[in-house]
>>> print(open('start.cif').read())   # mmCIF, C-alpha atoms
data_query
#
loop_
_atom_site.label_atom_id
_atom_site.label_comp_id
_atom_site.auth_asym_id
_atom_site.auth_seq_id
_atom_site.Cartn_x
_atom_site.Cartn_y
_atom_site.Cartn_z
CA MET G 46 134.50 26.49 93.12
CA ILE G 47 136.57 28.90 95.18
CA ARG G 48 140.26 28.09 95.13
CA THR G 49 143.37 30.12 95.78
CA HIS G 50 143.82 32.61 92.95
CA ASP G 51 146.60 31.64 90.54
CA SER G 52 148.00 35.09 89.89
CA LEU G 53 150.77 36.28 92.18
CA ILE G 54 149.85 39.91 91.46
CA VAL G 55 146.32 39.41 92.71
CA GLN G 56 147.55 37.70 95.86
CA ILE G 57 150.06 40.41 96.76
CA ILE G 58 147.66 43.25 95.94
CA GLY G 59 145.02 41.49 98.04
CA ARG G 60 147.44 41.12 100.92
CA VAL G 61 148.03 44.88 100.83
CA LEU G 62 144.46 46.00 100.13
CA ILE G 63 142.37 43.81 102.43
CA PRO G 64 143.61 45.31 105.73
CA LEU G 65 143.18 48.80 104.28
CA ILE G 66 139.59 48.05 103.23
CA GLN G 67 138.80 46.64 106.65
CA LEU G 68 140.36 49.66 108.35
CA PHE G 69 138.26 51.94 106.13
CA GLY G 70 135.13 49.97 106.98
CA ILE G 71 135.75 50.30 110.71
CA TYR G 72 136.47 54.01 110.22
CA VAL G 73 133.16 54.46 108.36
CA LEU G 74 131.36 52.60 111.15
CA CYS G 75 132.93 54.67 113.94
CA PHE G 76 132.71 57.99 112.07
CA GLY G 77 129.09 57.47 110.99
CA GLN G 78 127.81 59.87 113.64
CA PHE G 79 129.94 62.75 112.33
CA GLY G 80 129.96 62.21 108.58
CA PRO G 81 128.45 60.09 105.83
CA GLY G 82 128.35 56.39 106.51
CA GLY G 83 127.22 54.38 109.47
CA GLY G 84 126.52 50.86 110.54
CA PHE G 85 125.05 49.53 107.30
CA VAL G 86 127.77 50.86 105.00
CA GLY G 87 130.58 49.93 107.39
CA GLY G 88 129.21 46.42 107.75
CA VAL G 89 128.95 45.99 103.99
CA ILE G 90 132.55 47.22 103.49
CA VAL G 91 133.93 44.84 106.12
CA GLY G 92 131.83 41.96 104.74
CA THR G 93 132.97 42.68 101.19
CA SER G 94 136.61 42.68 102.27
CA LEU G 95 136.08 39.26 103.85
CA VAL G 96 134.48 38.04 100.60
CA PHE G 97 137.45 39.47 98.69
CA SER G 98 139.91 37.61 100.90
CA MET G 99 137.86 34.45 100.40
CA LEU G 100 138.03 34.87 96.59
CA VAL G 101 141.76 35.59 96.58
CA PHE G 102 143.12 33.14 99.11
CA GLY G 103 140.56 30.38 98.64
CA LEU G 104 138.38 28.52 101.07
CA ASP G 105 140.90 25.82 101.87
CA SER G 106 143.31 28.12 103.67
CA ALA G 107 143.44 28.84 107.38
CA TRP G 108 140.51 31.20 106.82
CA GLN G 109 138.06 28.39 106.42
CA ARG G 110 137.77 27.41 110.05
CA ILE G 111 137.42 31.02 111.19
CA ILE G 112 134.82 31.88 108.54
CA PHE G 113 132.70 28.81 109.19
CA ARG G 114 132.78 29.71 112.87
CA VAL G 115 131.86 33.33 112.09
CA ILE G 116 128.75 32.59 110.02
CA GLN G 117 127.30 30.60 112.89
CA GLY G 118 126.90 33.92 114.67
CA ASP G 119 124.37 35.30 112.21
CA GLY G 120 122.04 36.55 114.92
CA VAL G 121 124.63 38.27 117.11
CA GLY G 122 124.20 41.65 115.43
CA LEU G 123 120.43 41.58 115.78
CA LEU G 124 120.90 40.51 119.39
CA VAL G 125 123.20 43.50 120.07
CA PHE G 126 120.69 45.93 118.54
CA ALA G 127 117.67 44.44 120.29
CA GLY G 128 119.72 44.03 123.48
CA VAL G 129 120.36 47.77 123.65
CA GLY G 130 116.60 48.30 123.36
CA GLY G 131 115.99 45.64 125.99
CA LEU G 132 118.45 47.33 128.38
CA CYS G 133 116.43 50.53 128.08
CA LEU G 134 113.31 48.50 128.76
CA LEU G 135 114.86 46.90 131.85
CA ALA G 136 116.00 50.26 133.19
CA GLY G 137 112.43 51.53 133.20
CA GLY G 138 112.06 53.36 129.89
CA GLU G 139 110.49 52.54 126.55
CA PHE G 140 112.00 50.03 124.14
CA LEU G 141 114.95 51.64 122.28
CA ASN G 142 114.67 54.90 124.25
CA TYR G 143 118.41 55.39 124.75
CA THR G 144 118.03 58.07 127.44
CA GLU G 145 117.20 55.31 129.91
CA LEU G 146 120.39 53.33 129.26
CA PRO G 147 121.82 52.31 132.66
CA ILE G 148 125.25 53.91 132.23
CA PRO G 149 126.30 55.89 135.31
CA GLY G 150 128.05 59.22 135.01
CA LEU G 151 126.70 60.33 131.65
CA ASP G 152 124.05 62.90 130.80
CA ALA G 153 121.08 62.00 128.62
CA ALA G 154 122.60 63.21 125.32
CA SER G 155 125.78 61.18 125.86
CA ARG G 156 123.70 58.13 126.70
CA ARG G 157 121.83 58.50 123.43
CA PHE G 158 125.19 58.86 121.66
CA VAL G 159 126.39 55.57 123.16
CA GLY G 160 123.06 53.93 122.32
CA ILE G 161 123.31 55.04 118.67
CA PHE G 162 126.84 53.66 118.45
CA MET G 163 125.84 50.30 119.92
CA ALA G 164 122.89 50.05 117.53
CA GLN G 165 125.20 50.83 114.60
CA LEU G 166 127.61 48.16 115.78
CA GLY G 167 124.76 45.64 115.82
CA VAL G 168 123.66 46.58 112.29
CA ALA G 169 127.27 46.35 111.05
CA ILE G 170 127.82 42.87 112.54
CA ASP G 171 124.51 41.63 111.17
CA VAL G 172 125.09 42.97 107.64
CA ALA G 173 128.72 41.77 107.41
CA VAL G 174 127.95 38.27 108.63
CA THR G 175 124.87 37.99 106.40
CA ALA G 176 126.81 39.06 103.29
CA LEU G 177 129.56 36.57 104.09
CA SER G 178 127.07 33.79 104.77
CA ILE G 179 125.11 34.34 101.53
CA VAL G 180 128.30 34.38 99.42
CA LEU G 181 129.69 31.34 101.21
CA HIS G 182 126.52 29.30 100.78
CA LEU G 183 126.26 30.27 97.10
CA ALA G 184 129.88 29.28 96.50
CA ASP G 185 129.60 26.14 98.56
CA SER G 186 126.51 24.80 96.82
CA SER G 187 128.12 25.27 93.40
CA ARG G 188 130.94 22.95 94.45
CA GLY G 189 128.68 19.94 93.89
CA TYR G 190 127.98 20.54 90.21
CA GLY G 191 130.96 22.75 89.45
CA ALA G 192 132.16 20.38 86.74
CA SER G 193 129.19 21.04 84.50
CA SER G 194 129.62 24.83 84.35
CA MET P 254 129.47 70.90 88.82
CA ASN P 255 127.09 72.67 86.50
CA VAL P 256 123.85 71.53 84.95
CA TYR P 257 125.48 70.17 81.80
CA ALA P 258 127.71 67.78 83.73
CA ASN P 259 124.62 66.65 85.59
CA LEU P 260 122.79 66.13 82.31
CA SER P 261 125.62 64.02 80.91
CA LEU P 262 125.52 61.97 84.11
CA VAL P 263 121.80 61.32 83.60
CA LEU P 264 122.48 60.34 79.96
CA LEU P 265 125.19 57.90 81.08
CA LEU P 266 122.73 56.50 83.61
CA ILE P 267 120.12 55.85 80.91
CA LEU P 268 122.75 54.40 78.55
CA THR P 269 124.11 51.96 81.13
CA ALA P 270 120.59 50.98 82.23
CA ALA P 271 119.65 50.22 78.61
CA GLY P 272 122.95 48.41 78.11
CA ALA P 273 122.38 46.17 81.12
CA ILE P 274 119.06 45.08 79.60
CA LEU P 275 120.18 44.75 75.99
CA ILE P 276 123.57 43.01 76.35
CA LYS P 277 123.26 39.32 75.58
CA ASP P 278 126.30 38.21 77.57
CA LEU P 279 125.11 37.89 81.16
CA ILE P 280 128.48 38.56 82.85
CA GLY P 281 128.87 41.72 80.78
CA ALA P 282 125.35 42.76 81.75
CA VAL P 283 126.21 42.35 85.44
CA LEU P 284 129.32 44.53 85.08
CA VAL P 285 127.35 47.20 83.18
CA LEU P 286 124.79 47.11 86.00
CA GLY P 287 127.63 47.76 88.47
CA SER P 288 128.72 50.81 86.48
CA TYR P 289 125.06 51.94 86.46
CA SER P 290 125.11 51.83 90.27
CA PHE P 291 128.30 53.87 90.28
CA PHE P 292 126.81 56.60 88.08
CA LEU P 293 123.69 56.59 90.25
CA ALA P 294 125.89 57.09 93.31
CA LEU P 295 127.58 60.07 91.62
CA LEU P 296 124.14 61.54 90.89
CA TRP P 297 123.02 61.08 94.51
CA ALA P 298 126.21 62.79 95.69
CA TRP P 299 125.53 65.68 93.30
CA LEU P 300 122.02 66.04 94.73
CA GLY P 301 123.50 66.25 98.24
CA ALA P 302 122.34 62.86 99.54
CA VAL P 303 125.81 61.70 100.56
CA ASP P 304 124.68 58.82 102.77
CA VAL P 305 122.50 57.39 100.00
CA ALA P 306 125.36 57.78 97.52
CA PHE P 307 127.71 55.92 99.86
CA THR P 308 125.26 53.06 100.32
CA GLU P 309 124.54 52.87 96.59
CA ALA P 310 128.24 52.76 95.71
CA VAL P 311 129.07 50.11 98.29
CA VAL P 312 126.03 47.87 97.90
CA GLY P 313 125.11 48.37 94.24
CA ALA P 314 128.56 48.49 92.70
CA GLY P 315 130.30 46.26 95.22
CA LEU P 316 128.31 43.58 96.94
CA ALA P 317 125.43 43.11 94.47
CA THR P 318 127.87 42.57 91.59
CA VAL P 319 129.61 39.78 93.50
CA LEU P 320 126.28 38.18 94.41
CA PHE P 321 125.05 38.35 90.80
CA LEU P 322 128.30 36.82 89.49
CA LEU P 323 128.17 33.98 92.02
CA ALA P 324 124.53 33.30 91.13
CA LEU P 325 125.52 33.24 87.43
CA PHE P 326 128.25 30.69 88.10
CA LEU P 327 125.78 28.65 90.10
CA THR P 328 123.17 28.40 87.35
CA VAL P 329 123.52 26.48 84.09
CA PRO P 330 123.57 28.64 80.95
CA LEU P 331 120.53 27.68 78.90
CA GLU P 332 120.30 29.19 75.44
CA GLN P 333 116.79 29.65 74.14
CA LYS P 334 115.69 31.20 70.89
CA GLY P 335 113.43 33.99 72.01
CA GLN P 336 110.77 35.64 69.94
CA LEU P 337 108.86 38.77 70.71
CA PRO P 338 105.33 38.10 71.91
CA ARG P 339 102.57 39.34 69.60
CA GLY P 340 100.13 42.10 70.35
CA GLN P 341 102.56 44.71 71.65
CA TRP P 342 100.75 47.75 70.29
CA PRO P 343 99.05 48.62 73.64
CA ALA P 344 102.54 49.14 75.10
CA PHE P 345 103.56 51.42 72.21
CA VAL P 346 100.47 53.57 72.78
CA GLY P 347 100.15 53.32 76.55
CA LEU P 348 103.73 53.96 77.68
CA PRO P 349 104.16 57.33 75.87
CA LEU P 350 100.77 58.39 77.25
CA LEU P 351 101.95 57.43 80.75
CA GLY P 352 105.15 59.40 80.21
CA ILE P 353 103.23 62.50 79.11
CA LEU P 354 100.98 62.13 82.15
CA LEU P 355 103.97 61.87 84.50
CA LEU P 356 105.63 64.93 82.92
CA TYR P 357 102.35 66.83 83.35
CA ILE P 358 102.22 65.86 87.04
CA ALA P 359 105.89 66.75 87.55
CA GLU P 360 105.01 70.40 86.86
CA ASP P 361 103.18 70.55 90.21
CA LEU P 362 105.99 69.06 92.30
CA PRO P 363 107.85 71.52 94.56
CA LYS P 364 111.19 72.75 93.24
CA PHE P 365 114.33 70.88 94.31
CA GLY P 366 115.65 72.31 97.57
CA ASP P 367 112.63 74.56 98.13
CA PRO P 368 112.63 75.45 101.86
CA LEU P 369 108.85 75.91 101.85
CA SER P 370 107.97 72.52 100.36
CA PRO P 371 105.82 70.28 102.62
CA SER P 372 108.62 67.77 103.21
CA ASN P 373 110.91 70.56 104.45
CA THR P 374 108.38 72.17 106.78
CA HIS P 375 106.72 69.19 108.47
CA LEU P 376 109.24 67.14 110.52
CA ALA P 377 112.62 67.99 109.04
CA PRO P 378 113.17 71.21 111.09
CA ASP P 379 112.49 69.27 114.30
CA TYR P 380 115.11 66.67 113.42
CA LEU P 381 117.63 69.31 112.34
CA MET P 382 117.16 71.33 115.55
CA HIS P 383 117.17 68.48 118.03
CA SER P 384 119.79 66.13 116.57
CA LEU P 385 122.89 67.83 117.97
CA PRO P 386 121.64 68.94 121.42
CA ALA P 387 119.66 65.80 122.20
CA THR P 388 121.95 63.09 120.82
CA LYS P 389 125.39 64.77 120.26
CA THR P 390 125.26 63.44 116.69
CA PRO P 391 125.99 66.02 113.97
CA ASN P 392 124.99 63.65 111.15
CA VAL P 393 121.22 64.02 111.15
CA VAL P 394 120.72 61.00 108.88
CA THR P 395 122.36 58.71 111.42
CA SER P 396 120.46 60.14 114.36
CA VAL P 397 117.13 59.81 112.51
CA LEU P 398 117.88 56.24 111.43
CA MET P 399 119.33 55.00 114.70
CA ASP P 400 117.54 57.05 117.35
CA PHE P 401 114.36 58.81 116.28
CA ARG P 402 113.28 55.96 113.99
CA SER P 403 115.28 53.14 115.55
CA LEU P 404 112.37 50.69 115.59
CA ASP P 405 112.21 50.85 111.76
CA THR P 406 115.94 50.14 111.56
CA LEU P 407 115.59 47.24 113.98
CA ILE P 408 112.97 45.64 111.74
CA GLU P 409 115.16 46.27 108.66
CA THR P 410 118.03 44.51 110.40
CA ALA P 411 115.67 41.63 111.13
CA VAL P 412 114.82 41.51 107.41
CA ILE P 413 118.52 41.22 106.50
CA PHE P 414 118.94 38.51 109.12
CA THR P 415 115.94 36.65 107.67
CA ALA P 416 117.46 36.87 104.18
CA GLY P 417 120.67 35.29 105.44
CA ILE P 418 118.79 32.52 107.24
CA ALA P 419 116.59 31.85 104.19
CA THR P 420 119.64 31.54 101.91
CA ALA P 421 121.32 29.20 104.36
CA CYS P 422 118.19 27.03 104.57
CA LEU P 423 117.71 26.89 100.78
CA LEU P 424 121.31 25.99 99.96
CA ARG P 425 122.24 24.04 103.08
CA THR P 426 121.74 20.46 101.93
CA SER P 427 124.22 20.60 99.07
CA ARG P 428 127.20 20.63 101.43
CA HIS P 429 126.40 17.13 102.58
CA ASP P 430 125.99 16.00 98.97
CA SER P 431 129.41 17.25 97.93
CA HIS P 432 131.11 14.84 100.32
CA THR P 433 129.37 11.81 98.87
CA ARG P 434 129.79 12.72 95.20
#
>>> encode(input="start.cif", output="structure tokens")
Amino acid sequence: MIRTHDSLIVQIIGRVLIPLIQLFGIYVLCFGQFGPGGGFVGGVIVGTSLVFSMLVFGLDSAWQRIIFRVIQGDGVGLLVFAGVGGLCLLAGGEFLNYTELPIPGLDAASRRFVGIFMAQLGVAIDVAVTALSIVLHLADSSRGYGASS
Amino acid sequence: MNVYANLSLVLLLILTAAGAILIKDLIGAVLVLGSYSFFLALLWAWLGAVDVAFTEAVVGAGLATVLFLLALFLTVPLEQKGQLPRGQWPAFVGLPLLGILLLYIAEDLPKFGDPLSPSNTHLAPDYLMHSLPATKTPNVVTSVLMDFRSLDTLIETAVIFTAGIATACLLRTSRHDSHTR
């Protein structure tokens, strides 16, 4: 179902816009501790930009191999989030108690700051990959009976 | 923004919600639903819930629209002559009564932004006081979601992960079919 878009305007606008959207998504992810936004929103923005590039440039471009490799890592984000909690557990604290993170040379508040950022990163990876995987599976399964619709 | 602009926003919200239900063309209904999410995000931003507004704009107007459209392309359009089911008079009587009841209850709710309301006196001052010194995070919403209540967020992330896995399992077999067809 998903092919390269015919219109040259859409392709050129997409080429300009997609890096900007991804940059904005990473900004929202990194700035989430100081302003509105955070891991969930940043992950959705990055995932949507990947979906956009898929719709504009098609699945049969060089993207395909990368994207099929990416959606295999659906659990990486959850693993990052739970891994931060597990690190706290290993260092002797409670699960997800970021003050016990084994990072030398930081006070407790800074350790919690780092822990929050790592958790947000995990949420962002999980959400982006899940959005991409759902869209890709929906588009891929319609390829079989695409002629009827 | 004054109250009248807010009121017009609420009216637009109701109009787009009704439009999304009443429009026959499904693709048009999906796009109207996206504009509904956008107006809802503006309303959240006006009420001061900026994080909620951001999420609503990105998820409701962005990602959900794409997912709905892809699901529409995936399904076969099946026209069916619908007729209203009989015996609807309990709804005509019951729903206005329910509305009157809800309006009556709404009188007793605390005023919007009241500093003495129970939700603003119970845990919120603790979070507001301890967010910056304990976690160096000025955005209290993020510190509540990711630190004070991080176990909830972990389970929510697991729910999203499960949704992705479930979709992959449901739609997985068709890829092998498309090679043989």
>>> closest_residue(input="start.cif", among="P:Ala270, P:Val303, P:Leu398, P:Leu296", to="chain G", atoms="only C-alpha atoms")
P:Val303
>>> closest_residue(input="start.cif", among="G:Ala154, G:Val61, G:Ile148, G:Leu95", to="Val115 (chain G)", atoms="all atoms listed in the file")
G:Leu95
>>> closest_residue(input="start.cif", among="G:Pro64, G:Gly88, G:Pro81, G:Gly131", to="chain P", atoms="all atoms listed in the file")
G:Pro81
>>> interface_residues(input="start.cif", of="chain P", to="chain G", cutoff="8 Å", atoms="all atoms listed in the file", output="JSON, numbers by chain")
{"P": [303, 304, 307, 308, 311, 312, 315, 316, 320, 323, 324, 326, 327, 328, 329, 330, 386, 387, 388, 389, 390, 391, 392, 395, 396, 399, 400, 403, 404, 407, 410, 411, 413, 414, 416, 417, 418, 420, 421, 424, 425, 427, 428, 430, 431, 434]}
>>> atom_distance(input="start.cif", atom1="CA of Lys334 (chain P)", atom2="CA of Ala317 (chain P)")
28.2 Å
>>> resolve_selection(input="start.cif", expression="the PyMOL selection byres ((chain P and resi 297) around 12)", output="PDB file with C-alpha atoms, keeping the file's coordinate frame")
ATOM      1  CA  ASN P 259     124.620  66.650  85.590  1.00  0.00           C
ATOM      2  CA  LEU P 262     125.520  61.970  84.110  1.00  0.00           C
ATOM      3  CA  VAL P 263     121.800  61.320  83.600  1.00  0.00           C
ATOM      4  CA  LEU P 266     122.730  56.500  83.610  1.00  0.00           C
ATOM      5  CA  SER P 290     125.110  51.830  90.270  1.00  0.00           C
ATOM      6  CA  PHE P 291     128.300  53.870  90.280  1.00  0.00           C
ATOM      7  CA  PHE P 292     126.810  56.600  88.080  1.00  0.00           C
ATOM      8  CA  LEU P 293     123.690  56.590  90.250  1.00  0.00           C
ATOM      9  CA  ALA P 294     125.890  57.090  93.310  1.00  0.00           C
ATOM     10  CA  LEU P 295     127.580  60.070  91.620  1.00  0.00           C
ATOM     11  CA  LEU P 296     124.140  61.540  90.890  1.00  0.00           C
ATOM     12  CA  ALA P 298     126.210  62.790  95.690  1.00  0.00           C
ATOM     13  CA  TRP P 299     125.530  65.680  93.300  1.00  0.00           C
ATOM     14  CA  LEU P 300     122.020  66.040  94.730  1.00  0.00           C
ATOM     15  CA  GLY P 301     123.500  66.250  98.240  1.00  0.00           C
ATOM     16  CA  ALA P 302     122.340  62.860  99.540  1.00  0.00           C
ATOM     17  CA  VAL P 303     125.810  61.700 100.560  1.00  0.00           C
ATOM     18  CA  ASP P 304     124.680  58.820 102.770  1.00  0.00           C
ATOM     19  CA  VAL P 305     122.500  57.390 100.000  1.00  0.00           C
ATOM     20  CA  ALA P 306     125.360  57.780  97.520  1.00  0.00           C
ATOM     21  CA  PHE P 307     127.710  55.920  99.860  1.00  0.00           C
ATOM     22  CA  THR P 308     125.260  53.060 100.320  1.00  0.00           C
ATOM     23  CA  GLU P 309     124.540  52.870  96.590  1.00  0.00           C
ATOM     24  CA  ALA P 310     128.240  52.760  95.710  1.00  0.00           C
TER      25      ALA P 310
END
>>> atom_distance(input="start.cif", atom1="CA of Ile112 (chain G)", atom2="CA of Leu100 (chain G)")
12.7 Å
>>> axis_aligned_box(input="start.cif", around="region 179-184 of chain G", padding_each_side="4 Å", output="JSON")
{"center_x": 127.5, "center_y": 31.8, "center_z": 99.0, "size_x": 12.8, "size_y": 13.1, "size_z": 13.0}
>>> decode(input="start.cif", residues="region 152-171 of chain G", atoms="N, CA, C and O atoms", output="PDB file, in the first residue's frame")
ATOM      1  N   ASP G 152      25.550  14.367  43.950  1.00  0.00           N
ATOM      2  CA  ASP G 152      24.719  14.330  45.146  1.00  0.00           C
ATOM      3  C   ASP G 152      23.374  13.693  44.811  1.00  0.00           C
ATOM      4  O   ASP G 152      23.092  13.362  43.651  1.00  0.00           O
ATOM      5  N   ALA G 153      22.544  13.500  45.840  1.00  0.00           N
ATOM      6  CA  ALA G 153      21.321  12.716  45.669  1.00  0.00           C
ATOM      7  C   ALA G 153      20.374  13.355  44.663  1.00  0.00           C
ATOM      8  O   ALA G 153      19.786  12.665  43.823  1.00  0.00           O
ATOM      9  N   ALA G 154      20.243  14.708  44.707  1.00  0.00           N
ATOM     10  CA  ALA G 154      19.313  15.372  43.795  1.00  0.00           C
ATOM     11  C   ALA G 154      19.747  15.199  42.345  1.00  0.00           C
ATOM     12  O   ALA G 154      18.930  14.940  41.459  1.00  0.00           O
ATOM     13  N   SER G 155      21.069  15.305  42.094  1.00  0.00           N
ATOM     14  CA  SER G 155      21.546  15.136  40.721  1.00  0.00           C
ATOM     15  C   SER G 155      21.352  13.710  40.244  1.00  0.00           C
ATOM     16  O   SER G 155      21.046  13.471  39.072  1.00  0.00           O
ATOM     17  N   ARG G 156      21.502  12.758  41.179  1.00  0.00           N
ATOM     18  CA  ARG G 156      21.265  11.364  40.795  1.00  0.00           C
ATOM     19  C   ARG G 156      19.812  11.141  40.404  1.00  0.00           C
ATOM     20  O   ARG G 156      19.521  10.442  39.431  1.00  0.00           O
ATOM     21  N   ARG G 157      18.910  11.765  41.152  1.00  0.00           N
ATOM     22  CA  ARG G 157      17.493  11.639  40.778  1.00  0.00           C
ATOM     23  C   ARG G 157      17.236  12.299  39.430  1.00  0.00           C
ATOM     24  O   ARG G 157      16.451  11.792  38.622  1.00  0.00           O
ATOM     25  N   PHE G 158      17.924  13.432  39.164  1.00  0.00           N
ATOM     26  CA  PHE G 158      17.785  14.100  37.875  1.00  0.00           C
ATOM     27  C   PHE G 158      18.187  13.151  36.742  1.00  0.00           C
ATOM     28  O   PHE G 158      17.458  12.983  35.755  1.00  0.00           O
ATOM     29  N   VAL G 159      19.355  12.513  36.911  1.00  0.00           N
ATOM     30  CA  VAL G 159      19.822  11.578  35.882  1.00  0.00           C
ATOM     31  C   VAL G 159      18.855  10.412  35.734  1.00  0.00           C
ATOM     32  O   VAL G 159      18.536   9.969  34.616  1.00  0.00           O
ATOM     33  N   GLY G 160      18.351   9.917  36.882  1.00  0.00           N
ATOM     34  CA  GLY G 160      17.400   8.807  36.831  1.00  0.00           C
ATOM     35  C   GLY G 160      16.139   9.172  36.081  1.00  0.00           C
ATOM     36  O   GLY G 160      15.644   8.393  35.255  1.00  0.00           O
ATOM     37  N   ILE G 161      15.612  10.394  36.333  1.00  0.00           N
ATOM     38  CA  ILE G 161      14.411  10.847  35.618  1.00  0.00           C
ATOM     39  C   ILE G 161      14.688  10.900  34.121  1.00  0.00           C
ATOM     40  O   ILE G 161      13.874  10.456  33.301  1.00  0.00           O
ATOM     41  N   PHE G 162      15.867  11.417  33.755  1.00  0.00           N
ATOM     42  CA  PHE G 162      16.164  11.530  32.320  1.00  0.00           C
ATOM     43  C   PHE G 162      16.257  10.154  31.669  1.00  0.00           C
ATOM     44  O   PHE G 162      15.735   9.944  30.573  1.00  0.00           O
ATOM     45  N   MET G 163      16.909   9.202  32.352  1.00  0.00           N
ATOM     46  CA  MET G 163      17.015   7.864  31.771  1.00  0.00           C
ATOM     47  C   MET G 163      15.636   7.221  31.618  1.00  0.00           C
ATOM     48  O   MET G 163      15.340   6.577  30.600  1.00  0.00           O
ATOM     49  N   ALA G 164      14.777   7.415  32.627  1.00  0.00           N
ATOM     50  CA  ALA G 164      13.422   6.854  32.536  1.00  0.00           C
ATOM     51  C   ALA G 164      12.669   7.463  31.363  1.00  0.00           C
ATOM     52  O   ALA G 164      11.977   6.762  30.608  1.00  0.00           O
ATOM     53  N   GLN G 165      12.834   8.793  31.188  1.00  0.00           N
ATOM     54  CA  GLN G 165      12.162   9.448  30.059  1.00  0.00           C
ATOM     55  C   GLN G 165      12.669   8.918  28.729  1.00  0.00           C
ATOM     56  O   GLN G 165      11.908   8.725  27.786  1.00  0.00           O
ATOM     57  N   LEU G 166      13.963   8.685  28.670  1.00  0.00           N
ATOM     58  CA  LEU G 166      14.547   8.133  27.444  1.00  0.00           C
ATOM     59  C   LEU G 166      13.931   6.767  27.136  1.00  0.00           C
ATOM     60  O   LEU G 166      13.573   6.464  25.982  1.00  0.00           O
ATOM     61  N   GLY G 167      13.778   5.938  28.181  1.00  0.00           N
ATOM     62  CA  GLY G 167      13.166   4.631  27.975  1.00  0.00           C
ATOM     63  C   GLY G 167      11.745   4.737  27.466  1.00  0.00           C
ATOM     64  O   GLY G 167      11.356   4.046  26.514  1.00  0.00           O
ATOM     65  N   VAL G 168      10.945   5.643  28.087  1.00  0.00           N
ATOM     66  CA  VAL G 168       9.561   5.829  27.634  1.00  0.00           C
ATOM     67  C   VAL G 168       9.539   6.287  26.184  1.00  0.00           C
ATOM     68  O   VAL G 168       8.746   5.793  25.367  1.00  0.00           O
ATOM     69  N   ALA G 169      10.436   7.233  25.834  1.00  0.00           N
ATOM     70  CA  ALA G 169      10.451   7.775  24.471  1.00  0.00           C
ATOM     71  C   ALA G 169      10.766   6.687  23.452  1.00  0.00           C
ATOM     72  O   ALA G 169      10.091   6.575  22.421  1.00  0.00           O
ATOM     73  N   ILE G 170      11.791   5.858  23.746  1.00  0.00           N
ATOM     74  CA  ILE G 170      12.143   4.784  22.803  1.00  0.00           C
ATOM     75  C   ILE G 170      10.969   3.830  22.644  1.00  0.00           C
ATOM     76  O   ILE G 170      10.579   3.459  21.529  1.00  0.00           O
ATOM     77  N   ASP G 171      10.370   3.455  23.779  1.00  0.00           N
ATOM     78  CA  ASP G 171       9.265   2.494  23.729  1.00  0.00           C
ATOM     79  C   ASP G 171       8.103   3.025  22.903  1.00  0.00           C
ATOM     80  O   ASP G 171       7.584   2.327  22.027  1.00  0.00           O
TER      81      ASP G 171
END
